[in-house]
>>> print(open('entry13.txt').read())   # compact mmCIF, C-alpha atoms and all ligand atoms
# COMPACT_ATOMS: atom_id res chain seq x y z
CA MET A 81 14.13 10.12 80.54
CA GLU A 82 14.82 6.48 80.83
CA MET A 83 13.45 6.40 84.33
CA LYS A 84 10.24 8.00 83.20
CA GLN A 85 9.86 5.32 80.56
CA ASP A 86 10.42 2.61 83.11
CA VAL A 87 7.74 4.04 85.33
CA LYS A 88 5.39 4.25 82.40
CA ARG A 89 6.07 0.69 81.40
CA ARG A 90 5.51 -0.53 84.93
CA GLU A 91 2.27 1.38 85.09
CA ALA A 92 1.11 -0.09 81.80
CA MET A 93 1.87 -3.57 83.04
CA ARG A 94 -0.04 -2.94 86.24
CA ASN A 95 -3.04 -1.62 84.36
CA MET A 96 -2.96 -4.64 82.13
CA TYR A 97 -3.14 -7.01 85.03
CA GLU A 98 -5.60 -5.04 87.08
CA ARG A 99 -7.97 -4.39 84.28
CA THR A 100 -10.86 -6.78 84.28
CA ARG A 101 -12.98 -7.91 81.41
CA ALA A 102 -16.67 -7.52 80.68
CA ILE A 103 -18.00 -10.78 79.32
CA LEU A 104 -21.60 -11.25 78.26
CA HIS A 105 -23.21 -14.60 77.71
CA LEU A 106 -26.37 -14.40 75.66
CA ASP A 107 -28.70 -17.33 75.37
CA LEU A 108 -32.04 -17.37 73.58
CA ASP A 109 -34.92 -18.72 75.66
CA ALA A 110 -36.25 -22.13 74.55
CA PHE A 111 -34.91 -21.28 71.11
CA TYR A 112 -36.51 -23.87 68.78
CA ALA A 113 -39.81 -23.93 70.65
CA SER A 114 -39.97 -20.13 70.79
CA ILE A 115 -39.44 -19.90 67.03
CA GLU A 116 -42.30 -22.36 66.49
CA GLN A 117 -44.55 -20.32 68.79
CA ARG A 118 -43.52 -17.14 67.00
CA ASP A 119 -44.29 -18.60 63.57
CA HIS A 120 -47.50 -20.35 64.66
CA PRO A 121 -49.56 -18.04 66.88
CA GLU A 122 -51.93 -20.93 67.64
CA TYR A 123 -49.10 -22.61 69.61
CA ARG A 124 -48.49 -19.64 71.88
CA GLY A 125 -49.17 -20.23 75.56
CA LYS A 126 -49.26 -23.97 74.92
CA PRO A 127 -46.79 -26.73 75.69
CA VAL A 128 -44.66 -27.19 72.56
CA ILE A 129 -42.02 -29.86 72.20
CA VAL A 130 -39.59 -29.75 69.27
CA GLY A 131 -37.78 -32.98 68.56
CA GLY A 132 -38.43 -36.62 67.82
CA SER A 133 -41.94 -37.95 67.63
CA PRO A 134 -43.10 -39.82 70.77
CA ASP A 135 -44.12 -42.89 68.77
CA ARG A 136 -40.56 -43.27 67.50
CA ARG A 137 -37.35 -43.32 69.43
CA GLY A 138 -36.81 -39.58 69.37
CA VAL A 139 -35.62 -37.21 72.04
CA VAL A 140 -36.73 -33.73 73.01
CA ALA A 141 -34.59 -31.02 71.40
CA THR A 142 -36.34 -28.06 73.07
CA ALA A 143 -39.44 -27.77 75.21
CA SER A 144 -41.38 -24.52 75.60
CA TYR A 145 -41.68 -23.10 79.10
CA GLU A 146 -45.30 -24.30 79.20
CA ALA A 147 -44.06 -27.87 78.65
CA ARG A 148 -41.23 -27.51 81.16
CA LYS A 149 -43.82 -27.00 83.90
CA TYR A 150 -44.68 -30.68 83.44
CA GLY A 151 -41.06 -31.71 83.91
CA VAL A 152 -40.23 -31.99 80.23
CA HIS A 153 -36.66 -31.04 79.31
CA SER A 154 -34.13 -31.30 76.50
CA ALA A 155 -32.53 -34.69 75.79
CA MET A 156 -35.44 -36.53 77.43
CA PRO A 157 -36.96 -39.36 75.35
CA SER A 158 -40.00 -37.99 73.55
CA ARG A 159 -41.98 -40.95 74.84
CA THR A 160 -41.29 -39.86 78.43
CA ALA A 161 -42.23 -36.30 77.51
CA TYR A 162 -45.50 -37.57 76.10
CA ARG A 163 -46.25 -39.44 79.32
CA LEU A 164 -45.58 -36.29 81.37
CA CYS A 165 -47.49 -33.97 79.06
CA PRO A 166 -49.79 -35.81 76.61
CA GLN A 167 -51.48 -32.60 75.52
CA ALA A 168 -48.17 -31.18 74.24
CA ILE A 169 -47.80 -30.21 70.61
CA PHE A 170 -44.95 -32.29 69.20
CA LEU A 171 -43.16 -30.73 66.23
CA PRO A 172 -40.24 -31.83 64.06
CA ALA A 173 -37.24 -29.51 64.08
CA ARG A 174 -36.93 -27.01 61.22
CA PHE A 175 -33.19 -26.52 61.32
CA GLU A 176 -32.98 -24.37 58.19
CA VAL A 177 -35.26 -21.84 59.90
CA TYR A 178 -33.35 -22.00 63.20
CA ARG A 179 -30.06 -21.53 61.35
CA ALA A 180 -31.39 -18.46 59.55
CA VAL A 181 -32.52 -16.91 62.84
CA SER A 182 -29.16 -17.80 64.34
CA HIS A 183 -27.40 -15.83 61.58
CA GLU A 184 -29.51 -12.79 62.43
CA ILE A 185 -28.70 -13.07 66.12
CA MET A 186 -24.97 -13.55 65.59
CA ALA A 187 -24.98 -10.50 63.30
CA ILE A 188 -26.50 -8.45 66.14
CA PHE A 189 -23.73 -9.68 68.45
CA ARG A 190 -21.02 -8.84 65.91
CA GLN A 191 -22.28 -5.27 65.65
CA GLN A 192 -21.25 -4.85 69.30
CA THR A 193 -17.89 -6.59 69.29
CA ALA A 194 -15.61 -8.57 67.02
CA LEU A 195 -14.96 -10.87 69.97
CA VAL A 196 -17.93 -13.20 69.64
CA GLU A 197 -17.58 -16.85 70.51
CA PRO A 198 -20.67 -18.82 69.50
CA LEU A 199 -21.40 -21.94 71.55
CA SER A 200 -24.37 -23.14 69.57
CA LEU A 201 -27.04 -21.72 67.26
CA ASP A 202 -28.56 -19.61 70.03
CA GLU A 203 -25.75 -18.94 72.48
CA ALA A 204 -22.55 -16.93 72.48
CA TYR A 205 -19.98 -15.20 74.62
CA LEU A 206 -19.30 -11.56 73.82
CA ASP A 207 -16.22 -9.84 75.13
CA VAL A 208 -17.37 -6.21 75.35
CA THR A 209 -14.46 -4.96 77.47
CA ALA A 210 -13.37 -2.45 74.83
CA SER A 211 -16.82 -0.85 74.51
CA VAL A 212 -17.62 -0.23 78.18
CA ARG A 213 -15.99 1.42 81.17
CA THR A 214 -18.14 0.09 83.99
CA LEU A 215 -20.31 -2.87 84.85
CA GLU A 216 -23.35 -0.61 84.62
CA GLU A 217 -22.47 0.30 81.04
CA ALA A 218 -22.01 -3.35 80.24
CA ALA A 219 -25.44 -4.08 81.72
CA ARG A 220 -26.99 -1.36 79.57
CA LEU A 221 -25.29 -2.85 76.53
CA ALA A 222 -26.72 -6.27 77.43
CA GLN A 223 -30.20 -4.73 77.65
CA GLU A 224 -29.68 -3.06 74.31
CA ILE A 225 -28.66 -6.35 72.69
CA LYS A 226 -31.70 -8.08 74.19
CA ARG A 227 -33.88 -5.29 72.83
CA GLN A 228 -32.37 -5.60 69.35
CA ILE A 229 -32.92 -9.35 69.33
CA TRP A 230 -36.55 -8.78 70.26
CA GLU A 231 -37.01 -6.04 67.64
CA GLN A 232 -35.51 -8.09 64.85
CA THR A 233 -36.63 -11.61 65.68
CA ARG A 234 -39.49 -11.35 68.22
CA LEU A 235 -37.58 -13.74 70.47
CA THR A 236 -36.34 -13.23 74.00
CA ALA A 237 -32.85 -13.88 75.26
CA SER A 238 -31.35 -14.13 78.71
CA ALA A 239 -28.07 -12.42 79.43
CA GLY A 240 -25.36 -13.02 81.98
CA LEU A 241 -22.68 -10.45 82.71
CA SER A 242 -19.48 -11.08 84.59
CA TYR A 243 -15.70 -10.80 84.26
CA CYS A 244 -15.14 -14.31 82.97
CA LYS A 245 -16.95 -16.76 80.73
CA PHE A 246 -17.67 -19.31 83.43
CA LEU A 247 -19.65 -16.87 85.58
CA ALA A 248 -21.28 -15.10 82.64
CA LYS A 249 -22.74 -18.41 81.50
CA ILE A 250 -23.98 -19.33 84.94
CA ALA A 251 -25.47 -15.85 85.29
CA SER A 252 -27.46 -16.07 82.06
CA ASP A 253 -29.07 -19.24 83.36
CA ALA A 254 -30.01 -17.75 86.73
CA HIS A 255 -33.09 -15.80 85.64
CA LYS A 256 -34.59 -17.38 82.55
CA PRO A 257 -36.54 -16.46 80.51
CA ASN A 258 -35.76 -12.89 79.48
CA GLY A 259 -33.38 -12.26 82.38
CA LEU A 260 -30.29 -10.21 82.93
CA THR A 261 -28.05 -11.29 85.78
CA ILE A 262 -24.85 -9.60 86.84
CA ILE A 263 -22.11 -11.22 88.89
CA SER A 264 -19.46 -8.66 89.78
CA GLN A 265 -16.01 -9.58 91.05
CA ASP A 266 -17.06 -8.69 94.59
CA GLU A 267 -20.16 -10.81 94.35
CA ALA A 268 -18.54 -13.83 92.74
CA PRO A 269 -17.17 -15.61 95.85
CA ALA A 270 -20.52 -15.68 97.69
CA PHE A 271 -22.26 -16.69 94.51
CA LEU A 272 -19.86 -19.57 93.96
CA GLU A 273 -20.12 -20.67 97.57
CA ALA A 274 -23.87 -21.07 97.22
CA LEU A 275 -23.72 -22.69 93.80
CA PRO A 276 -24.65 -26.39 93.68
CA ILE A 277 -21.62 -28.41 92.64
CA GLU A 278 -23.22 -29.79 89.46
CA LYS A 279 -23.57 -26.27 88.11
CA PHE A 280 -19.80 -25.95 87.83
CA PHE A 281 -18.46 -26.16 84.34
CA GLY A 282 -17.03 -29.60 83.69
CA VAL A 283 -18.95 -31.30 86.50
CA GLY A 284 -21.21 -33.91 84.97
CA LYS A 285 -23.57 -36.27 86.75
CA VAL A 286 -20.84 -38.77 87.67
CA THR A 287 -18.42 -36.18 89.04
CA ALA A 288 -21.24 -34.50 90.96
CA VAL A 289 -22.06 -37.77 92.73
CA LYS A 290 -18.38 -38.29 93.61
CA LEU A 291 -18.00 -34.76 94.93
CA ARG A 292 -21.16 -35.05 96.99
CA GLU A 293 -19.85 -38.28 98.46
CA LEU A 294 -16.75 -36.33 99.48
CA GLY A 295 -18.99 -33.86 101.28
CA ILE A 296 -18.87 -31.17 98.63
CA GLN A 297 -22.38 -29.93 97.89
CA THR A 298 -21.57 -26.45 96.68
CA GLY A 299 -18.60 -24.23 95.82
CA ARG A 300 -18.17 -23.57 99.53
CA THR A 301 -14.93 -24.73 101.17
CA GLY A 302 -13.21 -22.31 103.52
CA ASP A 303 -14.28 -22.71 107.11
CA ARG A 304 -14.98 -26.42 106.90
CA ARG A 305 -12.26 -29.02 107.30
CA GLN A 306 -12.22 -31.32 104.34
CA ASP A 307 -9.91 -34.16 103.56
CA ALA A 308 -7.17 -33.48 101.06
CA ASP A 309 -8.89 -35.51 98.35
CA ALA A 310 -11.98 -33.40 98.47
CA GLN A 311 -10.03 -30.19 98.54
CA GLY A 312 -7.92 -31.28 95.62
CA ALA A 313 -10.92 -32.40 93.63
CA LEU A 314 -12.68 -29.11 94.15
CA GLU A 315 -9.64 -27.08 93.21
CA HIS A 316 -9.47 -29.05 90.02
CA VAL A 317 -13.11 -28.34 89.31
CA ARG A 318 -12.69 -24.66 89.99
CA THR A 319 -9.50 -24.04 88.15
CA GLY A 320 -9.01 -26.96 85.81
CA HIS A 321 -11.97 -26.23 83.56
CA PRO A 322 -12.50 -22.51 83.47
CA GLY A 323 -13.57 -22.77 79.87
CA ARG A 324 -11.40 -21.69 77.01
CA GLN A 325 -10.67 -18.02 77.40
CA PRO A 326 -12.32 -16.19 74.56
CA THR A 327 -10.45 -14.63 71.73
CA ALA A 328 -7.60 -12.18 71.51
CA GLY A 329 -5.24 -10.85 74.14
CA LEU A 330 -7.47 -9.18 76.66
CA PRO A 331 -6.08 -9.53 80.12
CA GLY A 332 -8.39 -10.68 82.84
CA VAL A 333 -9.32 -12.83 85.73
CA ARG A 334 -10.02 -16.50 85.45
CA GLY A 335 -12.91 -18.38 86.97
CA ASP A 336 -11.34 -18.98 90.33
CA ALA A 337 -12.64 -15.94 92.11
CA ALA A 338 -13.84 -17.95 95.09
CA ARG A 339 -10.44 -17.42 96.62
CA SER A 340 -10.62 -13.66 96.79
CA ALA A 341 -13.45 -12.02 98.72
CA ARG A 342 -17.14 -12.20 99.61
CA ALA A 343 -20.60 -10.71 98.85
CA ALA A 344 -24.04 -11.25 97.35
CA PHE A 345 -25.37 -11.47 93.85
CA ARG A 346 -27.88 -9.28 92.20
CA THR A 347 -29.93 -8.99 89.10
CA GLY A 348 -31.02 -6.01 87.12
MG MG B 1 -30.92 -21.27 74.72
>>> encode(input="entry13.txt", output="structure tokens", more="lines below")
Ligand SMILES: [Mg+2]
Amino acid sequence: MEMKQDVKRREAMRNMYERTRAILHLDLDAFYASIEQRDHPEYRGKPVIVGGSPDRRGVVATASYEARKYGVHSAMPSRTAYRLCPQAIFLPARFEVYRAVSHEIMAIFRQQTALVEPLSLDEAYLDVTASVRTLEEAARLAQEIKRQIWEQTRLTASAGLSYCKFLAKIASDAHKPNGLTIISQDEAPAFLEALPIEKFFGVGKVTAVKLRELGIQTGRTGDRRQDADAQGALEHVRTGHPGRQPTAGLPGVRGDAARSARAAFRTG
């Protein structure tokens, strides 16, 4: 009897460690600007910039995709944005509206899982491990969430699906707007090898310059001889800032998959 229990316990432990998580990162597309275009049909299809006025010392909070074509992006001085795109419609932020929409979106997320970790008004990680058995099911769930957001708010979101937060977030950014990108465990190493170094979580502008000086352009290491400094720095980047793991005790893999295997990356 006792032996049987031991076997069972060992098996349970193994399952716990082998089981991987399904993490979604959902991110609304050009959130503030999209809300303004939704609420003001006359702004649709036009460059819209939400943020500070260009004649004061404001910055861009969100630019619509039409404005981004001119090189306008968040955190840019509004004056610079005006120079790049003088025909843009500049609007002050309506935070009470954005917050209300955010509540709606977070409620949609919480219908799917209790394990929601909001990052901002329009972005969250969802641990959906308990509701799906396969990556395909998780992808369908992501589509369903995107559809619900559209139905309820008339806004589009991009979704990233992977087994850890770091890759899920990178994935959601890969095909914006209205994208769904999947990075499976098999695909992760090749994806990371091709990923520009500044895309790694925790790598800001200054660190990126330093890493590039050390010869590190991407997540690729492996077959190239690098000095110990560079190797150490990259290991730190890969493993030192995997992002807080979300919520309660689900076992899983951390964001250091580049060590394991190889493959491509796909979108669905
Ligand atoms: Mg967003």
>>> residues_around(input="entry13.txt", residues="segment 191-197 of chain A", least_positions_apart="2", cutoff="7 Å", atoms="all atoms listed in the file", output="JSON, numbers by chain")
{"A": [187, 188, 189, 199, 204, 205, 206, 207, 208, 326, 327]}
>>> closest_residue(input="entry13.txt", among="A:Tyr178, A:Tyr150, A:Phe246, A:Tyr123", to="ligand MG 1 (chain B)", atoms="all atoms listed in the file")
A:Tyr178
>>> residues_near_ligand(input="entry13.txt", ligand="ligand MG 1 (chain B)", cutoff="7 Å", atoms="all atoms listed in the file", output="PyMOL selection string")
chain A and resi 107-111+202-203
>>> atom_distance(input="entry13.txt", atom1="atom CA of Thr100 of chain A", atom2="atom CA of Ala254 of chain A")
22.2 Å
>>> closest_residue(input="entry13.txt", among="A:Ala270, A:Ala173, A:Val87, A:Ile185", to="Glu231 of chain A", atoms="only C-alpha atoms")
A:Ile185
>>> atom_distance(input="entry13.txt", atom1="atom CA of Gly259 of chain A", atom2="atom CA of Leu241 of chain A")
10.9 Å
>>> atom_distance(input="entry13.txt", atom1="atom CA of Pro198 of chain A", atom2="atom CA of Met186 of chain A")
7.8 Å
>>> closest_residue(input="entry13.txt", among="A:Ile103, A:Thr142, A:Ser200, A:Val212", to="Ile262 of chain A", atoms="only C-alpha atoms")
A:Ile103
>>> closest_residue(input="entry13.txt", among="A:Ala180, A:Val286, A:Ile169, A:Ile225", to="Pro134 of chain A", atoms="only C-alpha atoms")
A:Ile169
>>> closest_residue(input="entry13.txt", among="A:Glu146, A:Pro127, A:Arg137, A:Ser242", to="Gln167 of chain A", atoms="only C-alpha atoms")
A:Pro127
